[in-house]
Amino acid sequence: MKPLELWGGAECTVNRVGDGFRDQLIETGHHGRPEDLDRIAALGVQALRFPVLWERVCPDDSACCDWAWSDSRLARIRDLGIRPIVGLIHHGSGPRRTDLLDPQFGVKLGEYAARVADRYPWIADWTPVNEPLTTARFAALYGHWYPHARDEGSFWRALVHQVEGAVCAMAAVRQVRPDARLIQTEDLGKTYGTPATRPQVAYDNDRRWMGWDLLCGRVVPGHALWERLAGFGLADKLEALAGAPCPPDVIGINHYLTSDRFLDENVAAYPPAMRGGNGSIAYVDTEAVRVLDPAPAGLANALAEAWSRYRIPIAISEVHNGCTREEQMRWMRDAWQDAEAARAAGVEVQAVTAWSLFGASGWNTLLTAPGLYEPGVFDIRGGGPRPTAMVPLLQALVRGGRHDHPVLDGKGWWQRDLRLTHQPRPHPYPGSRCRSRGGPGRPLLIAGATGTLGQALARSCEVRGLAYVLTDRAGLDLGNSASISAALDTHQPWAVINAAGWVRVDDAEDEEAACFAANCLGATQLAIAASERDIATVSFSSDLVFDGTSGRPYTEADPCGPLGAYGRSKAAMEVAIGGVPGSHLIVRTAAFFSPWDQHNFAVHAIEALAVGRRFAAAKDQVVSPAYVPDLCNAVLDELIDGTSGILHLVNQGAVSWAGFATSVAEACGLPVRLIDAVPGAALGWKAARPCHVPLASQRMPSLEAALQAFATTPEVLERIERAGQGIEALQSA
């Protein structure tokens with residue numbers, strides 16, 4: 001068996017909702033960056049899933065094709081020595097002149113495929129239709145995408161028409177290239193369930209194979225679903241497909257943490273929004289990994305079952321996890337190890353595909369509305385594509401070596417108890433379970449156990465499965481070089497985050513030497529000691545290093561001009577640590593707000609407004625607030641990626657303190673009329689504050705999204721409820 005290959009792919013969905021088309025290549029910027037192909041080649045990718053999509057090339061007139069983008073990109077791919085795997089439809093329904101319920105859909109796609117093959121006769125590998133079964137579900141059973149049908153008959157017709165499209169396309173391609181290979185992809189998950197849901201479970205588990213079964217000519221009388229499809233008037237089409245099968249040369253398995261499902265008729269045990277059914281029985285359909293104990297084997301099980309059923313070579317054609325950086329890395333590592341284990345057991349797995357190389361946009365809404373951006377192997381936030389820690393991991397996998405980033409010592413969330421968000425249910429096949437990987441590993445050292453940020457960072461590490469040590473001043477005294485050395489030598493961390501220091505801005509005016517010692521001298525001593533041990537560091541700076549006169553958001557390159565002692569201490573720290581050799585990240589941030597402690601502006605506003613007290617806030621001082629959970633996750637991601645230098649991390653947006661209080665009140669349903677917008681000078685602060693210091697930053701969510709997240713946390717809801725109960729008690733007294 002040939003060595004396991006690394007394939008790649010940029011998320012390239014073009015789907016239609018109503019009259020609008022959505023293009024992931026545009027939304028992630030890949031369309032306009034030809035240099036992305038060189039980035040991909042540097043990963044060691046041997047084959048690239050590449051879109052020559054019908055809707056993009058030939059949107060209006062079947063006789064009018066725009067090849068410019070495809071021509072230039074495919075020429076460069078060829079020069080780089082990468083094999084393209086050409087896709088023609090990716091979750092789409094074709095141009096406006098057709099759709100998935102059009103009986104001639106397959107013929108029309110075949111005609112388009114003929115044009116593509118004539119233009120690129122050197123291309124051997126093809127995926128004419130990506131995930132036909134998944135697309136049919138979303139477009140014709142659930143109604144999310146065009147043509148927005150919601151019935152089983154439409155679903156089966158949409159699936160059969162797409163399979164016909166793949167058959168017609170391959171027939172056209174093989175007229176030009178007889179040895180062309182069909183690499184047919186599908187999201188392959190397995191359904192589990194409680195006893196009462198067994199009929200639906202059995203149906204789901206028969207249905208999941210139907211795209212490949214149809215291509216292989218297996219859907220004939222006697223097949224578990226023949227009569228069902230024939231009942232929808234598809235018998236003639238089934239006979240035609242069975243009479244001229246077009247089996248895949250490679251089965252492409254796409255598998256996500258959401259792929260395996262669990263059906264439970266005990267709907268009262270779940271939130272109302274999760275409840276559904278099939279018309280005969282009510283049930284909840286949720287992720288199996290969130291319920292089954294032990295966890296399902298997932299991808300390993302999919303590889304074994306697909307090989308057993310078809311004995312056709314397999315590629316894992318999408319590996320992506322929209323989550324924190326180390327979890328993306330763990331998911332890719334697990335997929336690679338699953339592929340290697342399957343090969344050792346005799347399964348012919350040819351490749352693992354790093355999918356969403358440049359991220360994806362809006363999948364949290366199933367592409368039905370604007371949504372969140374998920375970074376991929378490269379992160380496009382904050383400018384051009386930035387390599388993440390996924391890059392050296394993939395390069396190491398291609399070389400056959402072990403990648404030893406410390407975060408890979410931990411287990412993915414899907415292997416830990418926190419994955420269980422509902423009442424655990426016993427796994428129906430106890431022998432088929434997720435293999436445990438990872439251990440505690442070297443820790444991350446966090447200084448600042450008594451502070452808001454130190455505690456929040458520790459909390460984030462706990463959730464993310466990152467080994468850490470949280471120290472207070474007794475364990476790491478920034479004013480004592482011996483204490484710093486002892487802490488580093490005792491714990492031997494792979495990185496240090498300094499969340500300690502002086503935070504009292506007004507008191508610093510009278511105690512500038514003490515503030516300077518904590519924020520500059522101590523922080524620099526820590527960076528020097530860490531550098532001597534080849535340990536990366538993170539330190540925190542502030543928007544108060546600026547004077548607020550620029551009239552625009554400040555960038556990392558803007559010169560400092562602090563107005564007060566606190567800002568001077570942070571500006572001096574930036575200069576001092578900037579001169580220390582090694583990997584040192586300095587994060588400028590501002591205006592913390594968090595649900596996890598009471599010492600922040602947003603919580604103070606809630607506590608006042610919830611009991612009917614007036615709340616004063618400056619109307620003439622503009623900032624960019626940072627939601628602490630977002631900040632912690634961003635800092636950890638950047639640290640794992642090896643980012644160094646100065647970086648702004650705040651939520652995207654600029655607002656006055658009074659405007660911030662108003663936004664908090666609106667998000668929490670509290671009375672805005674109680675907010676008093678006043679001049680900052682009226683608040684009695686000793687230290688001068690700059691009037692306009694928003695920070696330019698694109699690596700964290702919007703301020704609006706952060707406020708919604710803050711307002712719906714249990715901690716904030718509980719604070720508001722307690723305040724309401726207190727008012728009721730006073731009124732009744």
# chains A, B, ... in the order shown; residues from 1 in each chain; ligands from 1
$ residues_around --residues "Arg290 of chain A" --least-positions-apart "4" --cutoff "7 Å" --atoms "only C-alpha atoms" --output "ChimeraX atom specification"
/A:419-422
$ write_last_selection --atoms "N, CA and C atoms" --output "mmCIF file, in the first residue's frame"
data_model
loop_
_atom_site.group_PDB
_atom_site.id
_atom_site.type_symbol
_atom_site.label_atom_id
_atom_site.label_comp_id
_atom_site.auth_asym_id
_atom_site.auth_seq_id
_atom_site.Cartn_x
_atom_site.Cartn_y
_atom_site.Cartn_z
ATOM 1 N N ARG A 419 -18.047 16.396 27.428
ATOM 2 C CA ARG A 419 -18.793 16.232 26.171
ATOM 3 C C ARG A 419 -20.252 15.909 26.440
ATOM 4 N N LEU A 420 -20.549 15.312 27.601
ATOM 5 C CA LEU A 420 -21.912 14.863 27.909
ATOM 6 C C LEU A 420 -22.741 16.046 28.384
ATOM 7 N N THR A 421 -23.597 16.537 27.512
ATOM 8 C CA THR A 421 -24.436 17.684 27.853
ATOM 9 C C THR A 421 -25.872 17.281 28.149
ATOM 10 N N HIS A 422 -26.183 15.991 28.001
ATOM 11 C CA HIS A 422 -27.514 15.473 28.314
ATOM 12 C C HIS A 422 -27.353 14.218 29.170
#
$ residues_around --residues "Phe601 of chain A" --least-positions-apart "2" --cutoff "12 Å" --atoms "only C-alpha atoms" --output "list in words"
Ala590, Ala591, Phe592, Phe593, Ser594, Pro595, Asp597, Gln598, His599, Val603, His604, Ala605, Ile606, Glu607, Ala608, Phe615, Ala616, Ala617, Ala618, Pro625, Ala626, Tyr627, Trp657, Ala658, Phe660, Ala661, Thr662, Val664 and Ala665 of chain A
$ select_by_dssp --residues "segment 243-477 of chain A" --states "alpha helix (DSSP H)" --output "VMD selection string"
chain A and resid 243 299 to 310 325 to 344 390 to 399 452 to 464
$ write_last_selection --atoms "C-alpha atoms" --output "compact mmCIF listing (two decimals), in the first residue's frame"
# COMPACT_ATOMS: atom_id res chain seq x y z
CA GLY A 243 -28.28 -1.24 -15.37
CA LEU A 299 -14.52 8.07 12.15
CA ALA A 300 -12.79 4.77 12.96
CA ASN A 301 -16.17 3.04 12.82
CA ALA A 302 -17.10 4.78 9.54
CA LEU A 303 -13.87 3.59 7.88
CA ALA A 304 -14.41 0.00 8.97
CA GLU A 305 -18.07 -0.10 7.91
CA ALA A 306 -17.49 1.54 4.52
CA TRP A 307 -14.68 -0.89 3.70
CA SER A 308 -16.74 -3.86 4.81
CA ARG A 309 -19.68 -2.78 2.65
CA TYR A 310 -17.90 -1.82 -0.59
CA ARG A 325 -6.91 25.71 18.01
CA GLU A 326 -5.74 22.74 20.04
CA GLU A 327 -9.02 20.93 19.38
CA GLN A 328 -8.56 21.45 15.63
CA MET A 329 -5.11 19.93 15.98
CA ARG A 330 -6.34 17.03 18.10
CA TRP A 331 -9.13 16.27 15.63
CA MET A 332 -6.68 16.17 12.71
CA ARG A 333 -4.24 14.03 14.71
CA ASP A 334 -7.03 11.63 15.63
CA ALA A 335 -8.18 11.36 11.99
CA TRP A 336 -4.65 10.64 10.82
CA GLN A 337 -4.18 8.01 13.53
CA ASP A 338 -7.56 6.46 12.70
CA ALA A 339 -6.48 6.24 9.05
CA GLU A 340 -3.16 4.62 10.00
CA ALA A 341 -4.91 2.15 12.31
CA ALA A 342 -7.42 1.26 9.58
CA ARG A 343 -4.59 0.69 7.09
CA ALA A 344 -2.87 -1.58 9.58
CA MET A 390 -2.17 23.46 12.13
CA VAL A 391 0.54 24.22 9.56
CA PRO A 392 3.50 22.56 11.33
CA LEU A 393 1.22 19.71 12.41
CA LEU A 394 0.27 18.91 8.80
CA GLN A 395 3.85 19.24 7.63
CA ALA A 396 4.96 16.80 10.32
CA LEU A 397 2.24 14.30 9.39
CA VAL A 398 3.33 14.38 5.75
CA ARG A 399 6.93 13.71 6.78
CA THR A 452 -9.88 38.44 37.03
CA LEU A 453 -7.78 37.50 34.03
CA GLY A 454 -5.67 34.83 35.72
CA GLN A 455 -8.72 33.03 37.05
CA ALA A 456 -10.49 33.32 33.69
CA LEU A 457 -7.49 31.93 31.82
CA ALA A 458 -7.36 28.97 34.20
CA ARG A 459 -11.05 28.39 33.64
CA SER A 460 -10.57 28.41 29.86
CA CYS A 461 -7.65 25.97 30.13
CA GLU A 462 -9.85 23.66 32.20
CA VAL A 463 -12.54 23.63 29.52
CA ARG A 464 -10.04 23.20 26.70
$ closest_residue --among "A:Gly81, A:Pro3, A:Gly193, A:Gly684" --to "Ala288 of chain A" --atoms "only C-alpha atoms"
A:Gly193
$ closest_residue --among "A:Tyr373, A:Phe378, A:Phe155, A:Tyr112" --to "Trp355 of chain A" --atoms "only C-alpha atoms"
A:Phe378
$ closest_atom_pairs --of "segment 568-631 of chain A" --to "segment 688-692 of chain A" --cutoff "8 Å" --atoms "only C-alpha atoms" --output "Markdown table"
| residue | atom | partner | partner_atom | distance |
| --- | --- | --- | --- | --- |
| A:Asp620 | CA | A:Cys691 | CA | 6.0 |
| A:Gln621 | CA | A:Cys691 | CA | 4.3 |
| A:Val622 | CA | A:His692 | CA | 4.6 |
| A:Val623 | CA | A:His692 | CA | 6.5 |
$ decode --residues "segment 367-394 of chain A" --atoms "C-alpha atoms" --output "compact mmCIF listing (two decimals), in the first residue's frame"
# COMPACT_ATOMS: atom_id res chain seq x y z
CA LEU A 367 -25.54 29.07 5.44
CA THR A 368 -29.07 30.46 5.73
CA ALA A 369 -28.02 33.79 7.30
CA PRO A 370 -24.86 35.73 8.14
CA GLY A 371 -22.91 33.87 10.78
CA LEU A 372 -19.58 33.27 12.45
CA TYR A 373 -16.24 32.77 10.74
CA GLU A 374 -14.38 29.59 11.72
CA PRO A 375 -10.61 29.64 11.16
CA GLY A 376 -9.07 26.81 9.22
CA VAL A 377 -5.43 25.83 8.73
CA PHE A 378 -4.99 29.51 7.92
CA ASP A 379 -6.85 32.27 9.75
CA ILE A 380 -8.00 35.18 7.56
CA ARG A 381 -9.02 37.46 10.44
CA GLY A 382 -6.89 40.55 10.77
CA GLY A 383 -5.64 40.73 7.19
CA GLY A 384 -4.11 38.10 4.94
CA PRO A 385 -4.15 34.39 5.73
CA ARG A 386 -2.12 33.74 8.87
CA PRO A 387 -0.61 30.28 9.41
CA THR A 388 -1.94 28.63 12.55
CA ALA A 389 -0.42 25.81 14.56
CA MET A 390 -2.17 23.46 12.13
CA VAL A 391 0.54 24.22 9.56
CA PRO A 392 3.50 22.56 11.33
CA LEU A 393 1.22 19.71 12.41
CA LEU A 394 0.27 18.91 8.80
